[in-house]
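Here's the structure we're looking at; comments come further down.
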Amino acid sequence: VQLVESGGGLVQTGESLRLSCTASGFIFSRNNMRWYRQAPGKEREWVGSISSDGGGTLYADSVKGRFTISRDNAVNAVYLQVNTLKPEDTAVYYCNTIWGARDYWGQGTQVTVSS
């Protein structure tokens with residue numbers, strides 16, 4: 001199983017980014033996918049989840065209304081659209097899945113929001 005995130009960068013407050021996670025090594029269309037983030041000096045926190053068919057999403061209260069998760073099962077990719085970014089959104093963002101009762105993580109992509 002391999003997860004590869006991309007799309008992070010340095011942006012200003014209020015701007016947007018689209019993060020991507022491409023997956024391989026498992027049957028992507030059968031798996032729920034999650035996004036997490038970890039800010040400097042803090043524990044990793046759950047951002048949101050999307051069901052295997054993309055029909056259901058859940059979000060942390062801190063990002064609800066600003067972040068949107070989507071997926072394209074044809075290309076084995078999950079996306080995190082992050083809008084109206086705030087300095088407190090600065091973190092490394094990770095995608096995650098569970099396959100064969102094991103947790104898998106990507107290497108993460110850095111999002112830095114300047115004030």
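Going by the structure tokens order, chains are called A, B, ..., each with residues numbered from 1, while ligands are numbered from 1 in the order shown.
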For this session: Compile the contact shell of stretch 14-17 of chain A as a VMD selection string: residues with an atom at most 7 Å away, counting only C-alpha atoms, same-chain residues fewer than 2 positions apart removed.
Result: chain A and resid 11 to 12 19 81 to 86
Exercise. Could you pull the residues within 6 Å of A:Val4, counting only C-alpha atoms, minus those fewer than 2 positions along the same chain, as a list in words?
Worked result: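 Once the nearby chain positions are removed, what remains is Cys21, Thr22 and Gly106 of chain A.
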Exercise. Looking at only C-alpha atoms, which of A:Pro40, A:Thr112, A:Arg18, A:Glu88 is the one that sits closest to A:Phe67?
Worked result: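 Checking each candidate against A:Phe67, we get A:Arg18 as the closest.
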Problem set entry | Spatial neighbours of A:Ile98, 10 Å, only C-alpha atoms, chain gap at least 4 places, as an MDAnalysis selection string | chainID A and resid 1 26 31:34 102:105
For this session: as a ChimeraX atom specification, please: all residues of stretch 34-107 of chain A that backbone DSSP puts in strand (DSSP E or B).
Result: /A:34-38,45-50,57-59,67-72,77-82,91-99,102-105
I need the residues from that last selection saved to file as an mmCIF file, in the first residue's frame (with C-alpha atoms), if you can.
```
data_model
loop_
_atom_site.group_PDB
_atom_site.id
_atom_site.type_symbol
_atom_site.label_atom_id
_atom_site.label_comp_id
_atom_site.auth_asym_id
_atom_site.auth_seq_id
_atom_site.Cartn_x
_atom_site.Cartn_y
_atom_site.Cartn_z
ATOM 1 C CA ARG A 34 -9.283 10.042 5.778
ATOM 2 C CA TRP A 35 -7.303 13.236 6.026
ATOM 3 C CA TYR A 36 -5.365 14.200 9.125
ATOM 4 C CA ARG A 37 -3.043 17.043 9.979
ATOM 5 C CA GLN A 38 -0.283 17.689 12.472
ATOM 6 C CA GLU A 45 -5.685 15.381 14.440
ATOM 7 C CA TRP A 46 -8.421 14.028 12.219
ATOM 8 C CA VAL A 47 -9.644 16.486 9.584
ATOM 9 C CA GLY A 48 -12.278 14.502 7.741
ATOM 10 C CA SER A 49 -13.325 11.276 6.064
ATOM 11 C CA ILE A 50 -14.968 10.147 2.857
ATOM 12 C CA THR A 57 -18.254 12.822 4.176
ATOM 13 C CA LEU A 58 -17.557 13.877 7.740
ATOM 14 C CA TYR A 59 -15.494 16.801 8.980
ATOM 15 C CA PHE A 67 -12.683 22.136 3.757
ATOM 16 C CA THR A 68 -14.161 19.660 1.275
ATOM 17 C CA ILE A 69 -13.082 16.083 0.661
ATOM 18 C CA SER A 70 -13.732 14.393 -2.664
ATOM 19 C CA ARG A 71 -12.418 11.374 -4.502
ATOM 20 C CA ASP A 72 -12.046 9.959 -7.988
ATOM 21 C CA ALA A 77 -7.146 9.667 -5.790
ATOM 22 C CA VAL A 78 -8.652 11.555 -2.886
ATOM 23 C CA TYR A 79 -8.616 15.331 -2.585
ATOM 24 C CA LEU A 80 -8.852 17.923 0.149
ATOM 25 C CA GLN A 81 -9.986 21.370 -0.973
ATOM 26 C CA VAL A 82 -8.949 23.829 1.720
ATOM 27 C CA ALA A 91 0.346 21.780 9.482
ATOM 28 C CA VAL A 92 1.533 18.729 7.625
ATOM 29 C CA TYR A 93 -1.488 17.106 6.012
ATOM 30 C CA TYR A 94 -1.673 13.319 5.676
ATOM 31 C CA CYS A 95 -4.027 10.938 3.987
ATOM 32 C CA ASN A 96 -4.799 7.648 5.652
ATOM 33 C CA THR A 97 -6.537 4.375 5.054
ATOM 34 C CA ILE A 98 -6.967 1.048 6.787
ATOM 35 C CA TRP A 99 -6.361 -2.085 4.745
ATOM 36 C CA ARG A 102 -3.457 -2.054 9.307
ATOM 37 C CA ASP A 103 -3.157 1.715 9.220
ATOM 38 C CA TYR A 104 -1.364 3.277 6.250
ATOM 39 C CA TRP A 105 -0.101 6.846 5.974
#
```
Exercise. Atom CA of A:Gln2 to atom CA of A:Arg30: how many Å, to one decimal?
Worked result: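 Atom CA of A:Gln2 sits 15.4 Å away from atom CA of A:Arg30.
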For this session: May I ask for the distance between atom CA of A:Gly56 and atom CA of A:Asn73, given in Å to one decimal place?
Result: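 Pair atom CA of A:Gly56 / atom CA of A:Asn73 returns 14.1 Å.
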For this session: In Å, rounded to a single decimal, give me how far atom CA of A:Ala23 is from atom CA of A:Asn76.
Result: 5.5 Å
For this session: Can you list, as number ranges by chain, all residues belonging to chain A that DSSP tags as helix (DSSP H, G or I)?
Result: A: 28-30, 87-89
For this session: Have a look at A:Val111, A:Leu3, A:Gly55, A:Ala60 and name the one nearest to A:Pro87; count only C-alpha atoms.
Result: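 Closest to A:Pro87 of all the choices is A:Val111.
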Seminar exercise, completed: Of A:Ser114, A:Arg44, A:Thr13, A:Asp89, the one sitting nearest A:Ser62 when using only C-alpha atoms is A:Asp89
